[in-house]
file final.cif (mmCIF, C-alpha atoms (C1' of nucleotides))
data_work
#
loop_
_atom_site.label_atom_id
_atom_site.label_comp_id
_atom_site.auth_asym_id
_atom_site.auth_seq_id
_atom_site.Cartn_x
_atom_site.Cartn_y
_atom_site.Cartn_z
CA MET H 8 -45.87 53.91 24.28
CA LEU H 9 -43.25 55.22 26.70
CA SER H 10 -42.55 58.88 27.21
CA GLN H 11 -39.33 60.19 25.76
CA THR H 12 -38.04 60.42 29.30
CA ALA H 13 -38.74 56.80 30.21
CA GLU H 14 -37.29 55.73 26.91
CA TYR H 15 -34.06 57.57 27.64
CA ALA H 16 -33.97 55.97 31.06
CA LEU H 17 -34.34 52.52 29.60
CA ARG H 18 -31.71 53.04 26.96
CA ALA H 19 -29.27 54.47 29.47
CA VAL H 20 -29.78 51.62 31.91
CA LEU H 21 -29.29 49.14 29.10
CA TYR H 22 -26.08 50.92 28.28
CA LEU H 23 -24.91 50.81 31.87
CA ALA H 24 -25.75 47.14 32.10
CA GLU H 25 -23.72 46.42 29.01
CA HIS H 26 -20.76 48.10 30.66
CA GLN H 27 -21.27 46.42 33.98
CA GLY H 28 -18.07 45.83 35.92
CA GLU H 29 -16.18 48.64 34.30
CA HIS H 30 -15.66 51.81 36.28
CA PRO H 31 -18.54 54.20 36.78
CA ILE H 32 -19.58 55.80 33.55
CA PRO H 33 -19.99 59.57 33.29
CA VAL H 34 -23.14 61.07 31.88
CA ASP H 35 -21.16 62.65 29.09
CA ALA H 36 -20.17 59.29 27.69
CA ILE H 37 -23.70 57.92 27.78
CA ALA H 38 -25.21 61.08 26.41
CA GLU H 39 -22.81 61.15 23.53
CA ASP H 40 -23.01 57.46 22.67
CA LEU H 41 -26.79 57.40 22.82
CA SER H 42 -27.44 60.91 21.49
CA ILE H 43 -29.41 61.96 24.51
CA PRO H 44 -29.34 65.58 25.74
CA ARG H 45 -26.74 65.75 28.48
CA ASN H 46 -28.44 67.71 31.23
CA TYR H 47 -31.70 66.05 30.59
CA LEU H 48 -30.13 62.65 30.95
CA SER H 49 -28.33 63.81 34.07
CA LYS H 50 -31.65 64.58 35.67
CA ILE H 51 -33.07 61.24 34.64
CA LEU H 52 -30.15 59.28 36.04
CA HIS H 53 -30.37 61.30 39.21
CA THR H 54 -33.94 60.18 39.59
CA LEU H 55 -32.94 56.56 39.13
CA ALA H 56 -30.16 57.03 41.67
CA LYS H 57 -32.66 58.37 44.20
CA ARG H 58 -34.55 55.13 43.68
CA ASP H 59 -31.33 53.26 44.38
CA LEU H 60 -31.19 51.60 41.01
CA LEU H 61 -28.00 53.47 40.29
CA SER H 62 -25.20 54.85 42.40
CA SER H 63 -23.65 58.14 41.44
CA SER H 64 -20.24 59.52 42.31
CA ARG H 65 -18.75 62.88 41.53
CA GLY H 66 -15.35 64.07 40.51
CA ARG H 67 -12.69 62.36 38.47
CA GLY H 68 -13.44 58.70 37.95
CA GLY H 69 -17.04 59.33 38.89
CA GLY H 70 -20.22 58.57 37.04
CA PHE H 71 -23.12 56.17 37.30
CA GLU H 72 -23.26 52.46 37.95
CA LEU H 73 -25.96 49.89 38.41
CA THR H 74 -26.39 48.92 42.03
CA VAL H 75 -28.23 45.77 41.08
CA PRO H 76 -27.40 42.93 38.71
CA ALA H 77 -29.19 43.28 35.40
CA SER H 78 -30.89 39.98 36.01
CA ALA H 79 -32.60 41.43 39.07
CA LEU H 80 -33.73 44.58 37.33
CA PRO H 81 -37.17 44.46 35.72
CA LEU H 82 -37.95 47.03 33.08
CA LEU H 83 -40.78 48.21 35.26
CA ALA H 84 -38.39 49.49 37.90
CA VAL H 85 -36.60 51.59 35.30
CA VAL H 86 -39.65 53.01 33.69
CA GLU H 87 -42.01 53.48 36.57
CA PRO H 88 -40.40 56.58 38.07
CA PHE H 89 -41.33 58.42 34.88
CA ASP H 90 -44.40 56.77 33.40
CA GLU H 91 -47.07 55.42 35.64
CA LEU H 92 -47.71 52.03 34.17
CA GLU H 93 -49.19 50.19 37.05
CA GLY H 94 -52.01 51.54 39.12
CA ARG H 95 -54.86 53.47 37.54
CA GLN H 96 -54.60 55.65 34.43
CA GLN H 97 -55.23 52.64 32.30
CA CYS H 98 -58.88 53.06 31.44
CA LEU H 99 -59.12 53.16 27.68
CA LEU H 100 -61.89 55.72 27.90
CA GLY H 101 -60.07 57.90 30.41
CA ARG H 102 -62.31 57.36 33.37
CA THR H 103 -60.71 58.26 36.66
CA ARG H 104 -62.72 55.60 38.32
CA CYS H 105 -62.87 52.45 36.27
CA SER H 106 -62.63 49.08 37.92
CA ASP H 107 -63.98 45.55 37.83
CA ALA H 108 -66.71 46.77 40.13
CA SER H 109 -67.62 49.80 38.05
CA PRO H 110 -66.30 49.11 34.57
CA CYS H 111 -66.40 51.32 31.51
CA ALA H 112 -67.62 49.82 28.24
CA ALA H 113 -64.11 48.77 27.28
CA HIS H 114 -62.96 47.61 30.68
CA HIS H 115 -63.12 43.86 30.42
CA ARG H 116 -61.60 43.56 27.02
CA TRP H 117 -58.97 46.20 27.57
CA LYS H 118 -57.96 44.97 30.98
CA GLU H 119 -56.60 41.87 29.37
CA MET H 120 -54.26 43.94 27.23
CA VAL H 121 -53.17 46.11 30.10
CA ASP H 122 -52.42 43.08 32.22
CA ARG H 123 -50.25 41.60 29.54
CA VAL H 124 -48.29 44.76 29.04
CA THR H 125 -47.79 45.27 32.75
CA ALA H 126 -46.64 41.68 33.05
CA PHE H 127 -44.16 42.34 30.28
CA PHE H 128 -42.58 45.21 32.14
CA ARG H 129 -42.71 43.40 35.44
CA GLU H 130 -41.26 40.15 34.23
CA THR H 131 -38.78 41.18 31.59
CA THR H 132 -35.40 42.10 33.01
CA VAL H 133 -32.66 44.27 31.67
CA LYS H 134 -30.56 41.15 31.32
CA ASP H 135 -33.19 39.54 29.12
CA LEU H 136 -32.88 42.37 26.64
CA ILE H 137 -29.12 42.37 26.68
CA GLN H 138 -29.03 38.68 25.98
CA ASP H 139 -31.49 39.05 23.14
CA ALA H 140 -29.19 41.65 21.66
CA ARG H 141 -26.31 39.17 21.64
CA PRO H 142 -27.83 36.10 20.03
CA ASN H 143 -24.59 34.14 19.66
CA GLY H 144 -23.07 34.83 23.01
CA GLN H 145 -21.22 37.66 21.31
CA ALA H 146 -19.09 39.70 23.64
CA PRO H 147 -19.69 43.46 23.86
CA ARG H 148 -17.98 45.48 21.18
CA ARG H 149 -14.63 47.07 21.98
CA THR H 150 -14.26 44.72 24.87
CA ASN H 151 -10.97 44.31 26.54
CA LEU H 152 -12.19 41.59 28.79
CA ALA H 153 -10.53 38.94 26.70
CA VAL H 154 -7.15 39.91 28.11
CA ARG H 155 -8.35 41.06 31.44
CA SER H 156 -6.87 38.10 33.30
CA SER H 157 -4.37 40.55 34.77
CA MET M 6 -52.43 54.88 26.09
CA LEU M 7 -54.59 56.96 23.79
CA SER M 8 -54.26 60.70 23.39
CA GLN M 9 -56.97 62.78 24.95
CA THR M 10 -58.19 63.49 21.46
CA ALA M 11 -58.51 59.85 20.43
CA GLU M 12 -60.18 59.10 23.72
CA TYR M 13 -62.77 61.78 23.10
CA ALA M 14 -63.34 60.40 19.64
CA LEU M 15 -63.91 56.93 20.96
CA ARG M 16 -66.28 58.04 23.69
CA ALA M 17 -68.24 60.19 21.27
CA VAL M 18 -68.57 57.41 18.74
CA LEU M 19 -69.69 55.05 21.46
CA TYR M 20 -72.27 57.61 22.42
CA LEU M 21 -73.47 57.96 18.86
CA ALA M 22 -73.68 54.21 18.47
CA GLU M 23 -75.80 53.96 21.58
CA HIS M 24 -78.20 56.46 20.04
CA GLN M 25 -78.19 54.84 16.66
CA GLY M 26 -81.45 55.21 14.78
CA GLU M 27 -82.50 58.37 16.51
CA HIS M 28 -82.13 61.61 14.65
CA PRO M 29 -78.70 63.15 14.17
CA ILE M 30 -77.23 64.29 17.45
CA PRO M 31 -75.83 67.80 17.82
CA VAL M 32 -72.35 68.30 19.23
CA ASP M 33 -73.81 70.25 22.11
CA ALA M 34 -75.65 67.24 23.43
CA ILE M 35 -72.64 64.95 23.20
CA ALA M 36 -70.29 67.52 24.65
CA GLU M 37 -72.55 68.15 27.58
CA ASP M 38 -73.36 64.52 28.31
CA LEU M 39 -69.74 63.43 28.07
CA SER M 40 -68.14 66.57 29.51
CA ILE M 41 -65.99 67.17 26.49
CA PRO M 42 -65.07 70.71 25.39
CA ARG M 43 -67.56 71.67 22.74
CA ASN M 44 -65.45 73.19 20.00
CA TYR M 45 -62.75 70.68 20.52
CA LEU M 46 -65.20 67.88 20.05
CA SER M 47 -66.66 69.59 17.03
CA LYS M 48 -63.28 69.50 15.38
CA ILE M 49 -62.81 65.85 16.28
CA LEU M 50 -66.16 64.82 14.87
CA HIS M 51 -65.45 66.82 11.76
CA THR M 52 -62.31 64.78 11.28
CA LEU M 53 -64.25 61.56 11.64
CA ALA M 54 -66.80 62.88 9.17
CA LYS M 55 -64.08 63.56 6.65
CA ARG M 56 -63.14 59.91 7.00
CA ASP M 57 -66.76 59.01 6.30
CA LEU M 58 -67.33 57.32 9.62
CA LEU M 59 -69.87 59.98 10.45
CA SER M 60 -72.20 62.15 8.49
CA SER M 61 -72.79 65.70 9.56
CA SER M 62 -75.68 67.96 8.80
CA ARG M 63 -76.20 71.58 9.70
CA GLY M 64 -79.13 73.62 10.81
CA ARG M 65 -82.12 72.64 12.86
CA GLY M 66 -82.41 68.91 13.26
CA GLY M 67 -78.77 68.54 12.26
CA GLY M 68 -75.89 66.91 14.03
CA PHE M 69 -73.78 63.81 13.65
CA GLU M 70 -74.67 60.24 12.87
CA LEU M 71 -72.78 57.04 12.25
CA THR M 72 -72.68 56.12 8.59
CA VAL M 73 -71.77 52.54 9.41
CA PRO M 74 -73.32 49.96 11.68
CA ALA M 75 -71.46 49.69 14.97
CA SER M 76 -70.73 46.06 14.22
CA ALA M 77 -68.70 47.10 11.18
CA LEU M 78 -66.76 49.76 13.00
CA PRO M 79 -63.48 48.63 14.54
CA LEU M 80 -61.99 50.81 17.26
CA LEU M 81 -58.96 51.22 15.06
CA ALA M 82 -60.93 53.20 12.51
CA VAL M 83 -62.07 55.62 15.21
CA VAL M 84 -58.72 56.09 16.81
CA GLU M 85 -56.36 55.99 13.89
CA PRO M 86 -57.06 59.47 12.51
CA PHE M 87 -55.62 60.87 15.74
CA ASP M 88 -53.11 58.39 17.11
CA GLU M 89 -50.97 56.42 14.74
CA LEU M 90 -51.28 52.95 16.13
CA GLU M 91 -50.36 50.84 13.19
CA GLY M 92 -47.31 51.42 11.13
CA ARG M 93 -43.99 52.38 12.73
CA GLN M 94 -43.37 54.35 15.93
CA GLN M 95 -43.68 51.26 18.00
CA CYS M 96 -40.09 50.57 18.94
CA LEU M 97 -39.87 50.46 22.71
CA LEU M 98 -36.49 52.15 22.60
CA GLY M 99 -37.58 54.84 20.19
CA ARG M 100 -35.55 53.78 17.20
CA THR M 101 -36.77 55.20 13.94
CA ARG M 102 -35.58 52.10 12.19
CA CYS M 103 -36.36 48.98 14.14
CA SER M 104 -37.50 45.87 12.36
CA ASP M 105 -37.23 42.13 12.34
CA ALA M 106 -34.22 42.59 10.11
CA SER M 107 -32.50 45.16 12.29
CA PRO M 108 -34.03 44.77 15.74
CA CYS M 109 -33.36 46.77 18.88
CA ALA M 110 -32.65 44.91 22.11
CA ALA M 111 -36.33 44.83 23.00
CA HIS M 112 -37.70 44.16 19.55
CA HIS M 113 -38.64 40.50 19.67
CA ARG M 114 -40.22 40.53 23.06
CA TRP M 115 -41.98 43.83 22.57
CA LYS M 116 -43.27 43.05 19.12
CA GLU M 117 -45.50 40.44 20.62
CA MET M 118 -47.18 43.01 22.84
CA VAL M 119 -47.58 45.52 20.06
CA ASP M 120 -49.15 42.91 17.83
CA ARG M 121 -51.67 42.01 20.46
CA VAL M 122 -52.65 45.59 21.09
CA THR M 123 -52.96 46.35 17.41
CA ALA M 124 -55.09 43.26 16.98
CA PHE M 125 -57.29 44.48 19.80
CA PHE M 126 -58.01 47.74 18.05
CA ARG M 127 -58.39 46.07 14.70
CA GLU M 128 -60.70 43.31 15.83
CA THR M 129 -62.80 44.91 18.53
CA THR M 130 -65.79 46.75 17.19
CA VAL M 131 -67.82 49.55 18.67
CA LYS M 132 -70.68 47.12 18.93
CA ASP M 133 -68.59 44.76 21.04
CA LEU M 134 -68.09 47.47 23.62
CA ILE M 135 -71.70 48.51 23.65
CA GLN M 136 -72.80 44.95 24.21
CA ASP M 137 -70.33 44.53 27.04
CA ALA M 138 -71.80 47.60 28.64
CA ARG M 139 -75.23 45.91 28.67
CA PRO M 140 -74.49 42.55 30.23
CA ASN M 141 -78.06 41.29 30.52
CA GLY M 142 -79.26 42.14 27.11
CA GLN M 143 -80.53 45.31 28.71
CA ALA M 144 -82.10 47.62 26.25
CA PRO M 145 -80.73 51.12 25.92
CA ARG M 146 -82.23 53.59 28.30
CA ARG M 147 -85.18 55.53 27.04
CA THR M 148 -85.47 53.10 24.22
CA ASN M 149 -88.57 52.68 22.19
CA LEU M 150 -87.27 49.70 20.34
CA ALA M 151 -88.99 47.27 22.68
CA VAL M 152 -92.05 47.34 20.48
CA ARG M 153 -90.10 47.14 17.31
CA SER M 154 -91.22 43.59 16.47
CA SER M 155 -93.02 45.07 13.52
"C1'" DC S 10 -87.33 87.26 3.81
"C1'" DG S 11 -85.41 87.10 8.66
"C1'" DT S 12 -84.41 84.30 12.67
"C1'" DA S 13 -82.82 80.39 14.97
"C1'" DT S 14 -80.08 76.27 14.87
"C1'" DT S 15 -76.16 73.91 14.00
"C1'" DT S 16 -71.56 72.76 11.91
"C1'" DA S 17 -67.04 74.79 10.33
"C1'" DT S 18 -63.14 77.71 11.31
"C1'" DC S 19 -60.10 80.94 13.12
"C1'" DA S 20 -57.31 83.16 16.52
"C1'" DT S 21 -55.60 82.77 20.76
"C1'" DA S 22 -54.57 80.75 25.51
"C1'" DT S 23 -52.85 77.35 28.53
"C1'" DT S 24 -50.30 73.56 29.90
"C1'" DC S 25 -46.72 70.29 29.89
"C1'" DG S 26 -43.06 67.38 28.10
"C1'" DC S 27 -38.77 68.12 26.39
"C1'" DA S 28 -34.60 70.55 25.90
"C1'" DT S 29 -30.66 74.00 26.63
"C1'" DG S 30 -27.30 76.91 28.94
"C1'" DA S 31 -25.35 78.51 32.99
"C1'" DT S 32 -23.97 77.87 37.59
"C1'" DA S 33 -23.29 75.46 42.06
"C1'" DA S 34 -21.50 71.72 44.71
"C1'" DA S 35 -18.80 67.74 45.47
"C1'" DA S 36 -14.80 64.83 44.68
"C1'" DT S 37 -10.17 63.89 42.98
"C1'" DC S 38 -5.49 64.96 42.16
"C1'" DA S 39 -1.24 67.50 41.64
"C1'" DT R 22 -4.44 75.13 47.98
"C1'" DG R 23 -6.03 75.40 43.35
"C1'" DA R 24 -7.33 73.17 39.02
"C1'" DT R 25 -10.03 69.70 36.92
"C1'" DT R 26 -13.69 66.49 36.60
"C1'" DT R 27 -18.06 65.22 37.35
"C1'" DT R 28 -22.87 65.33 39.32
"C1'" DA R 29 -26.72 68.49 40.96
"C1'" DT R 30 -29.67 72.19 40.09
"C1'" DC R 31 -31.65 76.37 38.36
"C1'" DA R 32 -33.71 79.39 35.01
"C1'" DT R 33 -35.42 79.64 30.84
"C1'" DG R 34 -37.15 78.50 26.20
"C1'" DC R 35 -39.77 75.89 22.73
"C1'" DG R 36 -43.34 73.29 20.60
"C1'" DA R 37 -47.22 70.35 20.47
"C1'" DA R 38 -51.47 68.78 22.57
"C1'" DT R 39 -55.27 70.59 24.65
"C1'" DA R 40 -58.69 74.03 25.33
"C1'" DT R 41 -61.54 78.45 24.81
"C1'" DG R 42 -64.07 82.24 22.63
"C1'" DA R 43 -65.60 84.50 18.67
"C1'" DT R 44 -67.14 84.45 14.07
"C1'" DA R 45 -68.48 82.54 9.54
"C1'" DA R 46 -71.23 79.50 6.78
"C1'" DA R 47 -74.91 76.40 5.92
"C1'" DT R 48 -79.60 74.72 6.74
"C1'" DA R 49 -84.29 74.78 8.32
"C1'" DC R 50 -88.48 77.10 9.54
"C1'" DG R 51 -91.88 80.49 10.18
#

call {"tool": "encode", "arguments": {"input": "final.cif", "output": "structure tokens"}}
result
Amino acid sequence: MLSQTAEYALRAVLYLAEHQGEHPIPVDAIAEDLSIPRNYLSKILHTLAKRDLLSSSRGRGGGFELTVPASALPLLAVVEPFDELEGRQQCLLGRTRCSDASPCAAHHRWKEMVDRVTAFFRETTVKDLIQDARPNGQAPRRTNLAVRSS
Amino acid sequence: MLSQTAEYALRAVLYLAEHQGEHPIPVDAIAEDLSIPRNYLSKILHTLAKRDLLSSSRGRGGGFELTVPASALPLLAVVEPFDELEGRQQCLLGRTRCSDASPCAAHHRWKEMVDRVTAFFRETTVKDLIQDARPNGQAPRRTNLAVRSS
DNA sequence: CGTATTTATCATATTCGCATGATAAAATCA
DNA sequence: TGATTTTATCATGCGAATATGATAAATACG
């Protein structure tokens, strides 16, 4: 469904969101933890930074951080820079021009599917996924937040 | 959504269904009418023939024909030989092992989408699309069925 | 039989997504 | 300043999907 690239982007952003509040996280750490090629991921995160979803900083203590709370970050924003989900390209039969006005044979039935999927990416946030991943209000693994009152 | 190949397959089958009842149709005609590379299409139709969706015959008067009525031909059957829609590969985050038992962060929400799309391809038939393309019960162009009351 | 028609294949390009390795540039810190 | 850390970027490679051109094999027809 998603390109490898968009998939990497999504996984990396999920990772960043899970480590929200900690210091910026270097590409190396993400790449290693998620088994994503380092330089490739670097380029992907750079793209997201250009879109202002992430901030990047260089040198010691640098890395990437979300600039937006996960609850305000729809999956669409993460994925769109790489895969064009909205806007055209969604004719099942590959027509360049396929619309309500001039529909292909599959248009009306397929449009319903496309709309649902687009809505999914538009309405589901990164936070939604993170919460789903922690059904019991589990804290992130290896957390040291429990003692972080300091 | 679909690979170029699967898209060609679907368009070609739609074309064949629209010309159901006429003599077998040579690849050349389909390729030209649909602007699909000839040899490429030939290979695609051959694949569909191996799956017994089409019959092929050589020599003068030869070509391809549907072996099944369009109403009994779900889109899935046309597309599946090229793009694996059902069965695995549908984890949004690219996990090789992602299931209800061991779900990724997106699993539950995404599963719903995947199920709908799979149902679409499983339940929509070639005939459905052809009928949609002829909203007013229009007969096919150049038809000679109008007098077929016999 | 020989010729034309048509599918079946094969060998080869082309293109693009994905990936790797090396280097540059920026920031931090001693 | 110089060494280290980290992002930014470049050059290149690789493989699979897509496409093209040529040839073989089957069928039909005179």

call {"tool": "residues_around", "arguments": {"input": "final.cif", "residues": "DT21 of chain S", "least_positions_apart": "6", "cutoff": "12 Å", "atoms": "only C-alpha atoms (C1' of nucleotides)", "output": "number ranges by chain"}}
result
R: 40-43

call {"tool": "closest_atom_pairs", "arguments": {"input": "final.cif", "of": "chain S", "to": "chain M", "cutoff": "10 Å", "atoms": "all atoms listed in the file", "output": "JSON lines"}}
result
{"residue": "S:DA13", "atom": "C1'", "partner": "M:Arg65", "partner_atom": "CA", "distance": 8.1}
{"residue": "S:DT14", "atom": "C1'", "partner": "M:Arg65", "partner_atom": "CA", "distance": 4.6}
{"residue": "S:DT15", "atom": "C1'", "partner": "M:Gly64", "partner_atom": "CA", "distance": 4.4}
{"residue": "S:DT16", "atom": "C1'", "partner": "M:Arg63", "partner_atom": "CA", "distance": 5.3}
{"residue": "S:DA17", "atom": "C1'", "partner": "M:Lys48", "partner_atom": "CA", "distance": 8.2}
{"residue": "S:DT18", "atom": "C1'", "partner": "M:Lys48", "partner_atom": "CA", "distance": 9.2}

call {"tool": "closest_atom_pairs", "arguments": {"input": "final.cif", "of": "chain R", "to": "chain M", "cutoff": "9 Å", "atoms": "all atoms listed in the file", "output": "Markdown table"}}
result
| residue | atom | partner | partner_atom | distance |
| --- | --- | --- | --- | --- |
| R:DA38 | C1' | M:Gln9 | CA | 8.5 |
| R:DT39 | C1' | M:Gln9 | CA | 8.0 |
| R:DA40 | C1' | M:Tyr45 | CA | 7.1 |
| R:DT41 | C1' | M:Asn44 | CA | 8.1 |
| R:DA47 | C1' | M:Arg63 | CA | 6.3 |
| R:DT48 | C1' | M:Gly64 | CA | 4.2 |
| R:DA49 | C1' | M:Arg65 | CA | 5.5 |
| R:DC50 | C1' | M:Arg65 | CA | 8.4 |

call {"tool": "closest_atom_pairs", "arguments": {"input": "final.cif", "of": "chain M", "to": "chain H", "cutoff": "8 Å", "atoms": "all atoms listed in the file", "output": "CSV"}}
result
residue,atom,partner,partner_atom,distance
M:Met6,CA,H:Met8,CA,6.9
M:Leu7,CA,H:Leu99,CA,7.1
M:Gln9,CA,H:Gly101,CA,8.0
M:Glu12,CA,H:Leu100,CA,5.6
M:Tyr13,CA,H:Leu100,CA,7.8
M:Leu15,CA,H:Leu100,CA,7.3
M:Arg16,CA,H:Leu100,CA,6.5
M:Gln95,CA,H:Met8,CA,7.2
M:Leu97,CA,H:Leu9,CA,7.1
M:Leu98,CA,H:Glu14,CA,5.7
M:Gly99,CA,H:Glu14,CA,6.8
M:Cys109,CA,H:Ala140,CA,7.2
M:Ala110,CA,H:Ala140,CA,4.8
M:Ala111,CA,H:Leu136,CA,5.6
M:Met118,CA,H:Val124,CA,6.5
M:Arg121,CA,H:Met120,CA,7.5
M:Val122,CA,H:Met120,CA,6.6
M:Leu134,CA,H:Ala112,CA,5.2
M:Ile135,CA,H:Ala112,CA,6.3
M:Asp137,CA,H:Ala112,CA,6.1
M:Ala138,CA,H:Ala112,CA,4.7

call {"tool": "calpha_fit_and_write", "arguments": {"input": "final.cif", "fixed": "chain M", "moving": "chain H", "output": "short mmCIF file (atom, residue, chain, number, x, y, z; two decimals) with C-alpha atoms, keeping the file's coordinate frame"}}
result
data_model
loop_
_atom_site.label_atom_id
_atom_site.label_comp_id
_atom_site.auth_asym_id
_atom_site.auth_seq_id
_atom_site.Cartn_x
_atom_site.Cartn_y
_atom_site.Cartn_z
CA MET H 8 -52.47 54.76 26.29
CA LEU H 9 -54.65 56.80 23.94
CA SER H 10 -54.40 60.54 23.61
CA GLN H 11 -57.21 62.54 25.13
CA THR H 12 -58.36 63.26 21.61
CA ALA H 13 -58.58 59.63 20.52
CA GLU H 14 -60.29 58.80 23.77
CA TYR H 15 -62.95 61.43 23.14
CA ALA H 16 -63.40 60.06 19.64
CA LEU H 17 -63.92 56.57 20.93
CA ARG H 18 -66.37 57.61 23.60
CA ALA H 19 -68.34 59.72 21.17
CA VAL H 20 -68.54 56.95 18.59
CA LEU H 21 -69.67 54.55 21.28
CA TYR H 22 -72.33 57.03 22.19
CA LEU H 23 -73.46 57.39 18.60
CA ALA H 24 -73.56 53.65 18.19
CA GLU H 25 -75.74 53.31 21.25
CA HIS H 26 -78.17 55.76 19.69
CA GLN H 27 -78.06 54.17 16.29
CA GLY H 28 -81.29 54.49 14.33
CA GLU H 29 -82.43 57.61 16.09
CA HIS H 30 -82.11 60.90 14.26
CA PRO H 31 -78.72 62.51 13.87
CA ILE H 32 -77.34 63.64 17.18
CA PRO H 33 -76.00 67.17 17.62
CA VAL H 34 -72.59 67.76 19.10
CA ASP H 35 -74.14 69.65 21.96
CA ALA H 36 -75.96 66.58 23.20
CA ILE H 37 -72.88 64.38 23.04
CA ALA H 38 -70.64 66.99 24.55
CA GLU H 39 -72.98 67.52 27.44
CA ASP H 40 -73.72 63.86 28.12
CA LEU H 41 -70.08 62.86 27.96
CA SER H 42 -68.58 66.03 29.46
CA ILE H 43 -66.38 66.69 26.49
CA PRO H 44 -65.52 70.27 25.44
CA ARG H 45 -67.97 71.21 22.71
CA ASN H 46 -65.80 72.81 20.06
CA TYR H 47 -63.07 70.36 20.61
CA LEU H 48 -65.44 67.48 20.09
CA SER H 49 -66.86 69.21 17.03
CA LYS H 50 -63.43 69.19 15.46
CA ILE H 51 -62.91 65.56 16.33
CA LEU H 52 -66.21 64.46 14.84
CA HIS H 53 -65.46 66.51 11.77
CA THR H 54 -62.28 64.55 11.33
CA LEU H 55 -64.17 61.28 11.61
CA ALA H 56 -66.71 62.55 9.11
CA LYS H 57 -63.93 63.34 6.64
CA ARG H 58 -62.92 59.71 7.00
CA ASP H 59 -66.50 58.74 6.21
CA LEU H 60 -67.09 57.01 9.50
CA LEU H 61 -69.71 59.59 10.31
CA SER H 62 -72.05 61.73 8.28
CA SER H 63 -72.74 65.25 9.40
CA SER H 64 -75.68 67.49 8.61
CA ARG H 65 -76.29 71.07 9.55
CA GLY H 66 -79.29 73.03 10.64
CA ARG H 67 -82.31 71.95 12.60
CA GLY H 68 -82.51 68.20 12.94
CA GLY H 69 -78.86 67.94 12.02
CA GLY H 70 -75.99 66.32 13.83
CA PHE H 71 -73.79 63.28 13.44
CA GLU H 72 -74.58 59.69 12.61
CA LEU H 73 -72.60 56.55 12.02
CA THR H 74 -72.39 55.68 8.36
CA VAL H 75 -71.42 52.13 9.15
CA PRO H 76 -72.96 49.48 11.38
CA ALA H 77 -71.17 49.21 14.70
CA SER H 78 -70.35 45.62 13.93
CA ALA H 79 -68.30 46.74 10.94
CA LEU H 80 -66.43 49.41 12.83
CA PRO H 81 -63.15 48.36 14.42
CA LEU H 82 -61.77 50.52 17.18
CA LEU H 83 -58.72 51.05 15.06
CA ALA H 84 -60.68 53.02 12.49
CA VAL H 85 -61.91 55.37 15.19
CA VAL H 86 -58.62 55.90 16.86
CA GLU H 87 -56.19 55.90 14.00
CA PRO H 88 -56.95 59.37 12.66
CA PHE H 89 -55.62 60.76 15.93
CA ASP H 90 -53.08 58.33 17.33
CA GLU H 91 -50.81 56.46 15.02
CA LEU H 92 -51.06 52.95 16.32
CA GLU H 93 -50.06 50.93 13.35
CA GLY H 94 -46.97 51.63 11.34
CA ARG H 95 -43.74 52.70 13.01
CA GLN H 96 -43.48 54.73 16.22
CA GLN H 97 -43.65 51.56 18.20
CA CYS H 98 -40.02 51.00 19.07
CA LEU H 99 -39.80 50.86 22.83
CA LEU H 100 -36.47 52.65 22.73
CA GLY H 101 -37.66 55.33 20.34
CA ARG H 102 -35.60 54.39 17.35
CA THR H 103 -36.89 55.82 14.11
CA ARG H 104 -35.59 52.82 12.32
CA CYS H 105 -36.26 49.64 14.21
CA SER H 106 -37.32 46.52 12.40
CA ASP H 107 -36.90 42.77 12.31
CA ALA H 108 -33.93 43.37 10.07
CA SER H 109 -32.31 45.97 12.30
CA PRO H 110 -33.80 45.47 15.74
CA CYS H 111 -33.18 47.43 18.90
CA ALA H 112 -32.41 45.52 22.09
CA ALA H 113 -36.08 45.34 23.01
CA HIS H 114 -37.45 44.67 19.56
CA HIS H 115 -38.24 41.00 19.64
CA ARG H 116 -39.82 40.93 23.02
CA TRP H 117 -41.70 44.17 22.60
CA LYS H 118 -42.95 43.39 19.14
CA GLU H 119 -45.06 40.66 20.60
CA MET H 120 -46.83 43.15 22.84
CA VAL H 121 -47.31 45.66 20.08
CA ASP H 122 -48.77 43.02 17.82
CA ARG H 123 -51.27 42.01 20.43
CA VAL H 124 -52.38 45.53 21.09
CA THR H 125 -52.70 46.33 17.41
CA ALA H 126 -54.71 43.16 16.93
CA PHE H 127 -56.97 44.29 19.74
CA PHE H 128 -57.76 47.55 18.02
CA ARG H 129 -58.06 45.92 14.64
CA GLU H 130 -60.29 43.09 15.69
CA THR H 131 -62.46 44.58 18.38
CA THR H 132 -65.48 46.39 17.02
CA VAL H 133 -67.60 49.11 18.47
CA LYS H 134 -70.42 46.61 18.67
CA ASP H 135 -68.30 44.29 20.78
CA LEU H 136 -67.92 46.98 23.40
CA ILE H 137 -71.56 47.93 23.37
CA GLN H 138 -72.58 44.35 23.88
CA ASP H 139 -70.14 43.95 26.73
CA ALA H 140 -71.72 46.98 28.34
CA ARG H 141 -75.13 45.30 28.25
CA PRO H 142 -74.45 41.88 29.70
CA ASN H 143 -78.08 40.78 29.98
CA GLY H 144 -79.35 41.99 26.67
CA GLN H 145 -80.44 45.11 28.51
CA ALA H 146 -81.97 47.73 26.29
CA PRO H 147 -80.44 51.22 26.25
CA ARG H 148 -81.62 53.47 29.03
CA ARG H 149 -84.45 55.89 28.32
CA THR H 150 -85.37 53.85 25.32
CA ASN H 151 -88.64 54.36 23.64
CA LEU H 152 -88.12 51.53 21.25
CA ALA H 153 -90.41 49.29 23.21
CA VAL H 154 -93.42 51.15 21.86
CA ARG H 155 -91.94 52.11 18.59
CA SER H 156 -94.10 49.71 16.59
CA SER H 157 -95.89 52.78 15.24
#

call {"tool": "resolve_selection", "arguments": {"input": "final.cif", "expression": "the PyMOL selection byres ((chain S and resi 35) around 10)", "output": "VMD selection string"}}
result
(chain H and resid 64 to 66) or (chain S and resid 33 to 34 36 to 37) or (chain R and resid 27 to 29)
